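Have a look at model_37.csv; it's CSV, C-alpha atoms:
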```csv
chain,number,residue,atom,x,y,z
A,1,MET,CA,207.2,-116.6,29.7
A,2,LYS,CA,204.0,-118.2,31.1
A,3,PRO,CA,202.7,-121.4,29.5
A,4,ALA,CA,199.4,-119.7,28.7
A,5,ALA,CA,201.3,-117.0,26.7
A,6,VAL,CA,203.3,-119.7,24.8
A,7,TRP,CA,200.0,-121.5,24.1
A,8,ALA,CA,198.3,-118.3,22.8
A,9,PHE,CA,201.5,-117.6,20.7
A,10,ILE,CA,201.2,-121.0,18.9
A,11,ALA,CA,197.4,-121.6,18.8
A,12,GLY,CA,195.9,-118.1,18.8
A,13,ASP,CA,192.7,-117.3,20.7
A,14,SER,CA,190.5,-120.1,19.3
A,15,ARG,CA,189.4,-123.0,21.6
A,16,PHE,CA,187.8,-125.1,18.9
A,17,ALA,CA,190.8,-125.3,16.5
A,18,PRO,CA,193.1,-127.1,19.1
A,19,LEU,CA,190.2,-129.3,20.2
A,20,ALA,CA,189.7,-130.3,16.5
A,21,VAL,CA,193.3,-131.2,16.2
A,22,ALA,CA,193.2,-133.3,19.3
A,23,LEU,CA,190.0,-135.0,18.1
A,24,ALA,CA,191.5,-135.7,14.7
A,25,ILE,CA,194.6,-137.3,16.3
A,26,ALA,CA,192.4,-139.4,18.6
A,27,VAL,CA,190.1,-140.6,15.8
A,28,ALA,CA,193.1,-141.4,13.5
A,29,VAL,CA,194.8,-143.4,16.3
A,30,LEU,CA,191.6,-145.4,16.9
A,31,LEU,CA,191.0,-146.0,13.2
A,32,LEU,CA,194.6,-147.1,12.6
A,33,ARG,CA,194.4,-149.5,15.5
A,34,GLY,CA,191.2,-150.9,14.0
A,35,ALA,CA,193.0,-151.7,10.8
A,36,VAL,CA,191.0,-149.2,8.8
A,37,ALA,CA,192.6,-148.3,5.4
A,38,SER,CA,195.2,-145.5,5.6
A,39,GLN,CA,193.5,-143.5,2.8
A,40,THR,CA,190.2,-143.5,4.8
A,41,VAL,CA,192.0,-142.4,7.9
A,42,ALA,CA,193.8,-139.6,6.0
A,43,VAL,CA,190.4,-138.3,4.6
A,44,ALA,CA,188.8,-138.4,8.1
A,45,PHE,CA,191.8,-136.7,9.6
A,46,ALA,CA,191.9,-133.8,7.2
A,47,ALA,CA,188.1,-133.5,7.3
A,48,ILE,CA,188.0,-133.2,11.2
A,49,ILE,CA,190.7,-130.5,11.0
A,50,ALA,CA,188.7,-128.6,8.3
A,51,LEU,CA,185.6,-128.8,10.5
A,52,GLY,CA,187.6,-127.5,13.4
A,53,LEU,CA,188.6,-124.5,11.2
A,54,ALA,CA,184.9,-123.9,10.4
A,55,ALA,CA,184.0,-124.1,14.1
A,56,ALA,CA,186.8,-121.7,15.0
A,57,VAL,CA,185.7,-119.1,12.4
A,58,PHE,CA,182.2,-119.0,13.9
A,59,GLU,CA,183.1,-119.2,17.6
A,60,ARG,CA,182.7,-116.3,19.9
A,61,VAL,CA,186.1,-115.3,21.5
B,1,MET,CA,208.5,-129.6,-5.3
B,2,ASN,CA,208.8,-130.1,-1.6
B,3,GLY,CA,211.8,-127.8,-1.3
B,4,TRP,CA,210.3,-125.0,-3.3
B,5,ALA,CA,207.0,-125.3,-1.4
B,6,LEU,CA,208.9,-125.2,1.9
B,7,ALA,CA,211.0,-122.2,0.8
B,8,SER,CA,207.9,-120.3,-0.6
B,9,THR,CA,205.9,-120.9,2.6
B,10,SER,CA,208.8,-119.9,4.8
B,11,PHE,CA,209.4,-116.8,2.5
B,12,LEU,CA,205.7,-115.6,2.8
B,13,ALA,CA,205.4,-116.3,6.5
B,14,SER,CA,208.7,-114.5,7.2
B,15,ALA,CA,207.7,-111.6,4.9
B,16,VAL,CA,204.5,-111.0,6.9
B,17,GLU,CA,206.3,-111.0,10.2
B,18,ALA,CA,209.2,-108.9,8.9
B,19,VAL,CA,206.7,-106.2,7.6
B,20,GLU,CA,205.1,-106.0,11.1
B,21,ALA,CA,208.5,-105.7,12.8
B,22,LEU,CA,209.8,-103.2,10.2
B,23,THR,CA,206.8,-100.9,10.9
B,24,ILE,CA,207.7,-100.6,14.6
B,25,VAL,CA,211.5,-100.3,13.9
B,26,LEU,CA,210.7,-97.5,11.4
B,27,ALA,CA,208.3,-95.8,13.8
B,28,VAL,CA,211.0,-95.7,16.6
B,29,GLY,CA,213.6,-94.5,14.1
B,30,VAL,CA,211.4,-91.6,12.9
B,31,ALA,CA,210.1,-90.6,16.3
B,32,ARG,CA,213.4,-90.9,18.2
B,33,SER,CA,216.5,-91.7,16.3
B,34,TRP,CA,217.9,-94.5,14.0
B,35,PRO,CA,220.6,-95.6,16.5
B,36,VAL,CA,217.9,-96.0,19.2
B,37,SER,CA,215.8,-98.1,16.9
B,38,LEU,CA,218.6,-100.1,15.3
B,39,ARG,CA,220.1,-100.9,18.8
B,40,GLY,CA,216.8,-102.5,19.9
B,41,ALA,CA,216.5,-104.5,16.7
B,42,ALA,CA,220.2,-105.6,16.9
B,43,TYR,CA,219.7,-106.8,20.6
B,44,ALA,CA,216.6,-108.8,19.5
B,45,LEU,CA,218.5,-110.4,16.6
B,46,GLY,CA,221.2,-111.4,19.0
B,47,VAL,CA,218.7,-113.0,21.4
B,48,LEU,CA,217.0,-114.8,18.5
B,49,ALA,CA,220.3,-116.2,17.1
B,50,LEU,CA,221.0,-117.5,20.6
B,51,ILE,CA,217.6,-119.2,20.9
B,52,VAL,CA,217.9,-120.8,17.5
B,53,ALA,CA,221.5,-121.9,18.2
B,54,LEU,CA,220.5,-123.4,21.6
B,55,PHE,CA,217.2,-125.1,20.7
B,56,GLY,CA,217.6,-125.9,16.9
B,57,PRO,CA,220.2,-128.7,17.2
B,58,LEU,CA,218.2,-130.3,20.1
B,59,LEU,CA,215.5,-131.2,17.6
B,60,HIS,CA,217.8,-133.7,16.0
B,61,LEU,CA,218.1,-135.7,19.2
B,62,VAL,CA,214.4,-136.6,19.0
B,63,PRO,CA,213.4,-139.7,16.9
B,64,ILE,CA,212.0,-138.6,13.5
B,65,ASP,CA,208.5,-140.0,13.8
B,66,GLN,CA,207.9,-138.4,17.2
B,67,LEU,CA,209.4,-135.2,15.9
B,68,LYS,CA,207.2,-135.2,12.8
B,69,LEU,CA,204.2,-135.6,15.1
B,70,VAL,CA,205.1,-132.7,17.4
B,71,VAL,CA,206.2,-130.5,14.5
B,72,GLY,CA,203.1,-131.4,12.6
B,73,ILE,CA,200.8,-130.5,15.5
B,74,VAL,CA,202.6,-127.1,16.1
B,75,LEU,CA,202.4,-126.3,12.4
B,76,THR,CA,198.7,-127.2,12.2
B,77,LEU,CA,197.9,-125.1,15.2
B,78,PHE,CA,199.9,-122.2,13.8
B,79,GLY,CA,198.3,-122.6,10.4
B,80,LEU,CA,194.8,-122.7,11.7
B,81,ALA,CA,195.3,-119.6,13.8
B,82,TRP,CA,196.7,-117.7,10.8
B,83,LEU,CA,194.0,-119.0,8.5
B,84,ARG,CA,191.2,-118.2,10.9
B,85,LYS,CA,192.4,-114.6,11.3
B,86,ALA,CA,192.7,-114.2,7.5
B,87,ILE,CA,189.2,-115.6,6.9
B,88,LEU,CA,187.7,-113.3,9.5
B,89,ARG,CA,189.4,-110.3,8.0
B,90,TYR,CA,188.3,-111.2,4.4
B,91,ALA,CA,184.7,-111.7,5.8
B,92,GLY,CA,184.8,-108.2,7.4
B,93,ARG,CA,184.4,-109.6,10.9
B,94,LYS,CA,187.9,-108.4,11.9
B,95,ALA,CA,189.6,-105.2,10.9
B,96,LEU,CA,192.4,-105.5,8.4
B,97,ARG,CA,195.8,-104.8,9.8
B,98,ASP,CA,196.7,-101.2,8.8
B,99,GLU,CA,200.5,-100.7,8.9
B,100,ASP,CA,200.1,-96.9,8.4
B,101,ALA,CA,197.9,-96.7,11.5
B,102,ALA,CA,200.3,-98.9,13.5
B,103,PHE,CA,203.2,-96.6,12.4
B,104,ALA,CA,201.3,-93.4,13.3
B,105,ARG,CA,200.3,-94.9,16.7
B,106,GLU,CA,203.9,-95.8,17.7
B,107,VAL,CA,205.3,-92.4,16.5
B,108,ALA,CA,202.7,-90.5,18.5
B,109,ALA,CA,203.3,-92.6,21.6
B,110,LEU,CA,207.0,-92.1,21.5
B,111,ARG,CA,206.8,-88.4,20.8
B,112,THR,CA,204.7,-87.7,23.8
B,113,ALA,CA,207.0,-89.7,26.1
B,114,GLU,CA,209.4,-87.8,28.4
B,115,ASP,CA,212.8,-87.2,26.6
B,116,VAL,CA,214.8,-88.9,29.3
B,117,GLN,CA,212.8,-92.1,29.1
B,118,ALA,CA,211.9,-92.0,25.4
B,119,ASP,CA,215.1,-93.4,24.1
B,120,ARG,CA,215.0,-96.3,26.5
B,121,ILE,CA,211.3,-96.9,25.6
B,122,GLY,CA,212.2,-96.7,21.9
B,123,THR,CA,214.9,-99.3,22.2
B,124,ILE,CA,212.7,-101.6,24.2
B,125,THR,CA,209.8,-101.2,21.7
B,126,ALA,CA,212.0,-102.0,18.7
B,127,PHE,CA,213.6,-105.0,20.7
B,128,LYS,CA,210.2,-106.4,21.5
B,129,ALA,CA,208.8,-106.1,18.0
B,130,VAL,CA,211.8,-107.7,16.4
B,131,LEU,CA,212.0,-110.5,19.0
B,132,ILE,CA,208.3,-111.5,18.9
B,133,GLU,CA,208.0,-111.4,15.1
B,134,GLY,CA,211.4,-113.0,14.7
B,135,LEU,CA,210.4,-115.8,17.1
B,136,GLU,CA,207.5,-116.7,14.9
B,137,VAL,CA,209.8,-116.8,11.9
B,138,ALA,CA,212.3,-118.9,13.9
B,139,ILE,CA,209.6,-121.4,15.0
B,140,ILE,CA,208.4,-121.8,11.4
B,141,VAL,CA,212.0,-122.2,10.0
B,142,VAL,CA,213.2,-124.6,12.7
B,143,THR,CA,210.0,-126.8,12.6
B,144,PHE,CA,210.1,-127.0,8.8
B,145,GLY,CA,213.8,-127.7,9.0
B,146,ALA,CA,213.3,-130.4,11.6
B,147,ALA,CA,212.4,-133.0,8.9
B,148,SER,CA,215.9,-133.0,7.4
B,149,THR,CA,219.0,-130.9,6.8
B,150,VAL,CA,217.9,-130.2,3.2
B,151,ALA,CA,214.5,-129.0,4.5
B,152,LEU,CA,216.2,-126.7,7.0
B,153,ALA,CA,218.3,-125.2,4.2
B,154,TRP,CA,215.2,-124.6,2.0
B,155,SER,CA,213.3,-123.1,4.9
B,156,ALA,CA,216.2,-120.9,6.0
B,157,VAL,CA,216.8,-119.6,2.5
B,158,GLY,CA,213.2,-118.7,2.1
B,159,ALA,CA,213.1,-116.8,5.4
B,160,ALA,CA,216.4,-115.1,4.9
B,161,ALA,CA,215.3,-113.9,1.4
B,162,ALA,CA,212.1,-112.5,2.8
B,163,VAL,CA,213.8,-110.7,5.8
B,164,LEU,CA,216.4,-109.2,3.4
B,165,LEU,CA,213.9,-108.1,0.9
B,166,VAL,CA,211.7,-106.4,3.5
B,167,ALA,CA,214.7,-104.8,5.2
B,168,LEU,CA,215.9,-103.4,1.8
B,169,ALA,CA,212.4,-102.1,1.1
B,170,GLY,CA,212.4,-100.4,4.5
B,171,VAL,CA,215.8,-98.8,3.9
B,172,ALA,CA,214.7,-97.6,0.5
B,173,LEU,CA,211.2,-96.3,1.5
B,174,ARG,CA,211.7,-95.2,5.1
B,175,ARG,CA,207.9,-95.8,5.3
B,176,PRO,CA,205.9,-98.8,6.5
B,177,ALA,CA,205.1,-101.3,3.7
B,178,SER,CA,201.4,-100.5,3.7
B,179,ARG,CA,200.8,-101.8,0.2
B,180,VAL,CA,201.9,-105.3,0.9
B,181,PRO,CA,198.8,-107.5,0.6
B,182,GLU,CA,199.3,-108.8,4.1
B,183,ASN,CA,196.0,-110.6,4.5
B,184,ALA,CA,196.4,-112.4,1.2
B,185,MET,CA,199.9,-113.6,2.3
B,186,LYS,CA,198.6,-114.6,5.7
B,187,PHE,CA,195.8,-116.6,4.0
B,188,VAL,CA,198.2,-118.4,1.7
B,189,VAL,CA,200.6,-119.1,4.5
B,190,GLY,CA,197.8,-120.3,6.7
B,191,VAL,CA,196.7,-122.8,4.0
B,192,MET,CA,200.3,-124.0,3.5
B,193,LEU,CA,201.1,-124.4,7.2
B,194,THR,CA,197.9,-126.3,7.9
B,195,SER,CA,198.6,-128.6,4.9
B,196,PHE,CA,202.2,-129.3,5.9
B,197,GLY,CA,201.0,-129.7,9.6
B,198,THR,CA,198.3,-132.2,8.6
B,199,PHE,CA,200.7,-134.1,6.4
B,200,TRP,CA,203.4,-134.4,9.0
B,201,THR,CA,201.1,-135.1,11.9
B,202,GLY,CA,199.5,-137.9,9.8
B,203,GLU,CA,202.9,-139.3,9.0
B,204,GLY,CA,203.9,-139.2,12.6
B,205,LEU,CA,200.8,-141.2,13.5
B,206,GLY,CA,201.5,-143.8,10.8
B,207,ILE,CA,199.1,-142.7,8.0
B,208,ALA,CA,200.5,-143.6,4.6
B,209,TRP,CA,199.4,-140.6,2.4
B,210,TRP,CA,198.3,-141.3,-1.1
B,211,GLY,CA,201.2,-140.5,-3.5
B,212,ALA,CA,203.4,-139.5,-0.5
B,213,ASP,CA,204.4,-135.9,-1.1
B,214,LEU,CA,201.8,-135.6,-3.9
B,215,SER,CA,199.2,-135.4,-1.1
B,216,LEU,CA,200.5,-131.9,-0.1
B,217,PRO,CA,199.1,-130.0,-3.1
B,218,VAL,CA,195.8,-132.0,-2.7
B,219,LEU,CA,195.6,-131.0,1.0
B,220,ALA,CA,196.4,-127.4,0.1
B,221,ALA,CA,193.7,-127.3,-2.5
B,222,PHE,CA,191.3,-128.9,0.0
B,223,TYR,CA,192.0,-126.3,2.7
B,224,LEU,CA,191.9,-123.5,0.2
B,225,ALA,CA,188.5,-124.6,-1.0
B,226,VAL,CA,187.2,-124.9,2.6
B,227,SER,CA,188.6,-121.5,3.5
B,228,ALA,CA,187.0,-119.8,0.4
B,229,VAL,CA,183.6,-121.3,1.4
B,230,LEU,CA,184.1,-120.1,5.0
B,231,VAL,CA,184.9,-116.6,3.9
B,232,ALA,CA,181.6,-116.5,1.9
B,233,ALA,CA,179.7,-118.1,4.8
B,234,ALA,CA,181.1,-115.8,7.4
B,235,ARG,CA,180.3,-112.8,5.2
B,236,ALA,CA,176.7,-113.9,4.3
B,237,PRO,CA,174.8,-113.1,7.5
B,238,ARG,CA,176.2,-109.5,7.6
B,239,GLU,CA,175.2,-108.9,3.9
B,240,ALA,CA,171.7,-110.5,4.4
B,241,ARG,CA,171.0,-108.0,7.2
B,242,ALA,CA,172.2,-105.0,5.1
```
This structure in structure tokens:
Amino acid sequence: MKPAAVWAFIAGDSRFAPLAVALAIAVAVLLLRGAVASQTVAVAFAAIIALGLAAAVFERV
Amino acid sequence: MNGWALASTSFLASAVEAVEALTIVLAVGVARSWPVSLRGAAYALGVLALIVALFGPLLHLVPIDQLKLVVGIVLTLFGLAWLRKAILRYAGRKALRDEDAAFAREVAALRTAEDVQADRIGTITAFKAVLIEGLEVAIIVVTFGAASTVALAWSAVGAAAAVLLVALAGVALRRPASRVPENAMKFVVGVMLTSFGTFWTGEGLGIAWWGADLSLPVLAAFYLAVSAVLVAAARAPREARA
């Protein structure tokens, strides 16, 4: 099985959704290192993923 | 709550996949013969059992925080893909999956194949359908179960119940389960997978969620609300033009 097929199997055909997940993780790591309150990080984390979903719904595939 | 939520999500996800696999198995059975169809399904179940037996226990060798992070990311990606597809279908931007049409397509293809090759093609078709759909179920069950042995039990029970129920329905009806509200199930499973995925990825990163497990229904309500808005928004331009 090719890596591209495995990737498509897990993430589907959207490019924005995986990017949003990666961005959410990066932002969460930066905020946690900056000693930002966990609840604030949690809200930002979920919000970025939701924005990624919105972008994925409207993206052209 | 967590156990029931795990089992319910696993049940719904497995039911969606089982219905898709059942459609193909039934089509091969009707177009060729039941031994041909069931042979393909049995081979696939054997390969699936082997994959789960080989890779399932390996997950417990990974430290729990790293495991939660990896499992959370996979579940989030899985959930977003399901949710996106369900939203696009509700908004009318993607055709709803039609099990009757899929069934008729497979039957027609197998009936036109040369007799000598048709049985082999039938077995391979049933094998591929059960293996691919089963693999999705296995990933969901194993990743949910990675958190603890109890979680694995809840997740496996949910999946087993769904597969058993769909298989019994298939035996009783001998027709594809076209009345199953597949998109609604996919929508709910997408919300649940994304919520669990967000929660576990966050825990893996070191986020302390408000109320611990109590954050899960809050996350589910949030993603449900966002998805409902997206369905309306994706539908709006089409209706405005009409």
Find the nearest atom pair between each residue of chain A and chain B for residues within 7 Å, count only C-alpha atoms, give distances in Å to one decimal, sort rows by chain and ascending number, and present the table as JSON lines.
```
{"residue": "A:Ile10", "atom": "CA", "partner": "B:Phe78", "partner_atom": "CA", "distance": 5.4}
{"residue": "A:Ala11", "atom": "CA", "partner": "B:Leu77", "partner_atom": "CA", "distance": 5.0}
{"residue": "A:Gly12", "atom": "CA", "partner": "B:Ala81", "partner_atom": "CA", "distance": 5.3}
{"residue": "A:Ala17", "atom": "CA", "partner": "B:Leu80", "partner_atom": "CA", "distance": 6.8}
{"residue": "A:Pro18", "atom": "CA", "partner": "B:Leu77", "partner_atom": "CA", "distance": 6.5}
{"residue": "A:Val29", "atom": "CA", "partner": "B:Leu205", "partner_atom": "CA", "distance": 7.0}
{"residue": "A:Ser38", "atom": "CA", "partner": "B:Ile207", "partner_atom": "CA", "distance": 5.4}
{"residue": "A:Gln39", "atom": "CA", "partner": "B:Trp210", "partner_atom": "CA", "distance": 6.6}
{"residue": "A:Ala42", "atom": "CA", "partner": "B:Ile207", "partner_atom": "CA", "distance": 6.5}
{"residue": "A:Ala46", "atom": "CA", "partner": "B:Thr198", "partner_atom": "CA", "distance": 6.7}
{"residue": "A:Ala50", "atom": "CA", "partner": "B:Tyr223", "partner_atom": "CA", "distance": 6.9}
{"residue": "A:Leu53", "atom": "CA", "partner": "B:Leu80", "partner_atom": "CA", "distance": 6.5}
{"residue": "A:Ala54", "atom": "CA", "partner": "B:Leu230", "partner_atom": "CA", "distance": 6.7}
{"residue": "A:Ala56", "atom": "CA", "partner": "B:Arg84", "partner_atom": "CA", "distance": 7.0}
{"residue": "A:Val57", "atom": "CA", "partner": "B:Arg84", "partner_atom": "CA", "distance": 5.8}
```
Coordinates-based distance that separates atom CA of Leu45 of chain B from atom CA of Val150 of chain B (Å, one decimal):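 Computed distance, atom CA of Val150 of chain B to atom CA of Leu45 of chain B, equals 23.9 Å.
Proximity to Ala47 of chain A was assessed for A:Phe9, A:Leu32, A:Ile25, A:Ser14 counting only C-alpha atoms; the smallest distance is recorded for A:Ile25.
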Determine, for each residue of segment 113-174 of chain B having at least one atom at most 12 Å from an atom of segment 47-52 of chain B, the closest pair of atoms and their separation in Å to one decimal, counting only C-alpha atoms; order by chain and ascending number, as CSV.
```
residue,atom,partner,partner_atom,distance
B:Phe127,CA,B:Val47,CA,9.5
B:Lys128,CA,B:Val47,CA,10.8
B:Ala129,CA,B:Leu48,CA,12.0
B:Val130,CA,B:Leu48,CA,9.0
B:Leu131,CA,B:Leu48,CA,6.6
B:Ile132,CA,B:Leu48,CA,9.3
B:Glu133,CA,B:Leu48,CA,10.2
B:Gly134,CA,B:Leu48,CA,7.0
B:Leu135,CA,B:Leu48,CA,6.8
B:Glu136,CA,B:Leu48,CA,10.3
B:Val137,CA,B:Leu48,CA,10.0
B:Ala138,CA,B:Val52,CA,6.9
B:Ile139,CA,B:Val52,CA,8.7
B:Ile140,CA,B:Val52,CA,11.3
B:Val141,CA,B:Val52,CA,9.6
B:Val142,CA,B:Val52,CA,7.7
B:Thr143,CA,B:Val52,CA,11.1
B:Gly145,CA,B:Val52,CA,11.7
B:Ala156,CA,B:Val52,CA,11.6
```
Please, can segment 118-129 of chain B be completed to N, CA and C atoms and returned as a PDB file, in the frame of the given file?
```
ATOM      1  N   ALA B 118     212.346 -91.613  26.740  1.00  0.00           N
ATOM      2  CA  ALA B 118     211.900 -92.000  25.400  1.00  0.00           C
ATOM      3  C   ALA B 118     212.866 -92.864  24.650  1.00  0.00           C
ATOM      4  N   ASP B 119     214.166 -92.583  24.780  1.00  0.00           N
ATOM      5  CA  ASP B 119     215.100 -93.400  24.100  1.00  0.00           C
ATOM      6  C   ASP B 119     215.124 -94.848  24.557  1.00  0.00           C
ATOM      7  N   ARG B 120     214.991 -94.977  25.898  1.00  0.00           N
ATOM      8  CA  ARG B 120     215.000 -96.300  26.500  1.00  0.00           C
ATOM      9  C   ARG B 120     213.698 -97.068  26.007  1.00  0.00           C
ATOM     10  N   ILE B 121     212.569 -96.333  26.053  1.00  0.00           N
ATOM     11  CA  ILE B 121     211.300 -96.900  25.600  1.00  0.00           C
ATOM     12  C   ILE B 121     211.402 -97.315  24.126  1.00  0.00           C
ATOM     13  N   GLY B 122     212.023 -96.443  23.331  1.00  0.00           N
ATOM     14  CA  GLY B 122     212.200 -96.700  21.900  1.00  0.00           C
ATOM     15  C   GLY B 122     212.988 -97.973  21.644  1.00  0.00           C
ATOM     16  N   THR B 123     214.103 -98.113  22.362  1.00  0.00           N
ATOM     17  CA  THR B 123     214.900 -99.300  22.200  1.00  0.00           C
ATOM     18  C   THR B 123     214.160-100.567  22.577  1.00  0.00           C
ATOM     19  N   ILE B 124     213.446-100.482  23.722  1.00  0.00           N
ATOM     20  CA  ILE B 124     212.700-101.600  24.200  1.00  0.00           C
ATOM     21  C   ILE B 124     211.559-101.981  23.200  1.00  0.00           C
ATOM     22  N   THR B 125     210.905-100.956  22.647  1.00  0.00           N
ATOM     23  CA  THR B 125     209.800-101.200  21.700  1.00  0.00           C
ATOM     24  C   THR B 125     210.325-101.898  20.446  1.00  0.00           C
ATOM     25  N   ALA B 126     211.438-101.410  19.891  1.00  0.00           N
ATOM     26  CA  ALA B 126     212.000-102.000  18.700  1.00  0.00           C
ATOM     27  C   ALA B 126     212.483-103.469  19.033  1.00  0.00           C
ATOM     28  N   PHE B 127     213.076-103.626  20.233  1.00  0.00           N
ATOM     29  CA  PHE B 127     213.600-105.000  20.700  1.00  0.00           C
ATOM     30  C   PHE B 127     212.404-105.950  20.727  1.00  0.00           C
ATOM     31  N   LYS B 128     211.300-105.531  21.380  1.00  0.00           N
ATOM     32  CA  LYS B 128     210.200-106.400  21.500  1.00  0.00           C
ATOM     33  C   LYS B 128     209.543-106.816  20.204  1.00  0.00           C
ATOM     34  N   ALA B 129     209.394-105.812  19.330  1.00  0.00           N
ATOM     35  CA  ALA B 129     208.800-106.100  18.000  1.00  0.00           C
ATOM     36  C   ALA B 129     209.592-107.082  17.218  1.00  0.00           C
TER      37      ALA B 129
END
```
